[in-house]
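See structure below.
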Amino acid sequence: MTTPSVSPDRARRVAQALRFFSIAAWVTGVWLLILCTRMVLESIVGIDMPTWTRIIGQLHGLFYMVYLITTLNLGVKARWEPVKWITTALAGTIPFLSFVIEAKRRKEVTAAFNL
């Protein structure tokens, strides 16, 4: 099966969207791990966390919104099916999954657009 020809301008736009998506996926994943660590330390281990650590959840929420925007941006430019958008968007809510899905989407998009 051959891949259809993609204009250089579209390939450039997709490559840029992929770069932003990858950064957002990693930042979101790291902050989600920090948030989970905070929650485990507070809820399971029973450590009293300082009040400033509440900002961790808010930061993850902010980065997750950026992740959703970059997912939408890449999905539109790469012309994803809705199921792929949804699974990619949900990956930012499950620890470690954003890293896995980012690698998978990077591989798919790179192959599809010869990047």
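A note on labels: chains of the structure tokens are A, B, ... as shown, every chain counts residues from 1, and ligands are counted from 1 in their shown order.
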Exercise. Which neighbours of Tyr64 in chain A fall inside 12 Å, counting only C-alpha atoms, when residues of the same chain fewer than 3 positions from it are skipped, and could you give them as a list in words?
Worked result: Phe21, Ile23, Ala24, Ala25, Trp26, Val27, Thr28, Gly29, Val30, Trp31, Leu32, Gly57, Gln58, Leu59, His60, Gly61, Tyr67, Leu68, Ile69, Thr70, Thr71, Thr88, Ala89, Leu90, Ala91, Gly92, Thr93, Ile94 and Ser98 of chain A
Would you kindly return, as a short mmCIF file (atom, residue, chain, number, x, y, z; two decimals) with N, CA, C and O atoms, in the first residue's frame, each protein, DNA or RNA residue with an atom no farther than 12 Å from any atom of Pro8 in chain A, considering only C-alpha atoms and excluding same-chain residues fewer than 3 positions away?
```
data_model
loop_
_atom_site.label_atom_id
_atom_site.label_comp_id
_atom_site.auth_asym_id
_atom_site.auth_seq_id
_atom_site.Cartn_x
_atom_site.Cartn_y
_atom_site.Cartn_z
N SER A 5 0.42 11.23 -1.87
CA SER A 5 1.32 12.37 -1.87
C SER A 5 0.75 13.49 -1.00
O SER A 5 -0.44 13.78 -1.04
N ALA A 11 2.56 19.02 5.05
CA ALA A 11 3.50 18.22 5.86
C ALA A 11 4.18 19.11 6.91
O ALA A 11 4.36 18.69 8.05
N ARG A 12 4.50 20.35 6.54
CA ARG A 12 5.11 21.27 7.49
C ARG A 12 4.13 21.61 8.61
O ARG A 12 4.50 21.63 9.78
N ARG A 13 2.87 21.86 8.27
CA ARG A 13 1.86 22.17 9.29
C ARG A 13 1.63 20.99 10.23
O ARG A 13 1.50 21.17 11.44
N VAL A 14 1.59 19.80 9.68
CA VAL A 14 1.41 18.59 10.50
C VAL A 14 2.62 18.37 11.40
O VAL A 14 2.47 18.03 12.58
N ALA A 15 3.81 18.59 10.87
CA ALA A 15 5.03 18.41 11.67
C ALA A 15 5.06 19.39 12.84
O ALA A 15 5.42 19.02 13.96
N PHE A 113 2.82 10.91 6.92
CA PHE A 113 3.21 12.14 6.25
C PHE A 113 4.68 12.18 5.84
O PHE A 113 5.19 13.24 5.45
N ASN A 114 5.37 11.06 5.95
CA ASN A 114 6.77 10.96 5.57
C ASN A 114 7.61 12.06 6.22
O ASN A 114 8.40 12.74 5.55
N LEU A 115 7.46 12.23 7.52
CA LEU A 115 8.19 13.28 8.24
C LEU A 115 9.54 12.78 8.71
O LEU A 115 9.77 11.68 8.98
#
```
Alpha helix (DSSP H) positions in range 16-84 of chain A, given as a CSV table (one decimal) with C-alpha atoms, in the first residue's frame:
```csv
chain,number,residue,atom,x,y,z
A,16,GLN,CA,4.6,21.6,13.7
A,17,ALA,CA,1.3,20.4,15.2
A,18,LEU,CA,3.0,17.1,16.0
A,19,ARG,CA,5.9,18.9,17.8
A,20,PHE,CA,3.4,20.9,19.9
A,21,PHE,CA,1.4,17.8,20.7
A,22,SER,CA,4.5,15.9,21.8
A,23,ILE,CA,5.6,18.6,24.1
A,24,ALA,CA,2.1,18.9,25.6
A,25,ALA,CA,1.8,15.2,26.0
A,26,TRP,CA,5.1,14.9,27.9
A,27,VAL,CA,4.4,18.0,30.1
A,28,THR,CA,0.9,16.7,30.9
A,29,GLY,CA,2.2,13.2,31.7
A,30,VAL,CA,4.9,14.5,34.0
A,31,TRP,CA,2.5,16.7,35.9
A,32,LEU,CA,0.0,13.9,36.2
A,33,LEU,CA,2.7,11.7,37.7
A,34,ILE,CA,3.5,14.5,40.2
A,35,LEU,CA,-0.2,14.8,41.0
A,36,CYS,CA,-0.6,11.1,41.6
A,37,THR,CA,2.5,11.0,43.8
A,38,ARG,CA,1.1,13.9,45.9
A,39,MET,CA,-2.3,12.1,46.2
A,40,VAL,CA,-0.7,8.8,47.2
A,41,LEU,CA,1.5,10.5,49.8
A,42,GLU,CA,-1.4,12.4,51.3
A,43,SER,CA,-4.2,9.7,51.1
A,55,ILE,CA,-1.5,24.0,43.0
A,56,ILE,CA,-0.2,20.7,41.5
A,57,GLY,CA,-3.7,19.6,40.5
A,58,GLN,CA,-4.5,23.0,39.1
A,59,LEU,CA,-1.3,23.0,37.0
A,60,HIS,CA,-2.1,19.5,35.7
A,61,GLY,CA,-5.5,20.8,34.8
A,62,LEU,CA,-4.1,23.7,32.9
A,63,PHE,CA,-1.6,21.6,31.1
A,64,TYR,CA,-4.3,19.1,30.2
A,65,MET,CA,-6.3,21.8,28.6
A,66,VAL,CA,-3.3,22.7,26.5
A,67,TYR,CA,-2.9,19.0,25.7
A,68,LEU,CA,-6.5,18.9,24.5
A,69,ILE,CA,-6.0,21.9,22.3
A,70,THR,CA,-2.8,20.4,20.7
A,71,THR,CA,-4.7,17.1,20.3
A,72,LEU,CA,-7.5,18.9,18.4
A,73,ASN,CA,-4.9,20.8,16.4
A,74,LEU,CA,-3.0,17.7,15.3
A,75,GLY,CA,-6.2,15.7,14.8
A,76,VAL,CA,-7.6,18.3,12.4
A,77,LYS,CA,-4.4,18.7,10.4
A,78,ALA,CA,-3.8,14.9,10.2
A,82,PRO,CA,-13.2,10.7,16.0
A,83,VAL,CA,-12.2,7.6,17.9
A,84,LYS,CA,-8.6,8.4,17.6
```
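Computed from the coordinates, the CA of Pro95 in chain A to CA of Ile44 in chain A distance equals 17.1 Å.
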For this session: Please measure the separation of CA of Trp80 in chain A and CA of Val109 in chain A, giving the value in Å to one decimal.
Result: 9.9 Å
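Separating CA of Val100 in chain A from CA of Val45 in chain A is a distance of 28.1 Å.
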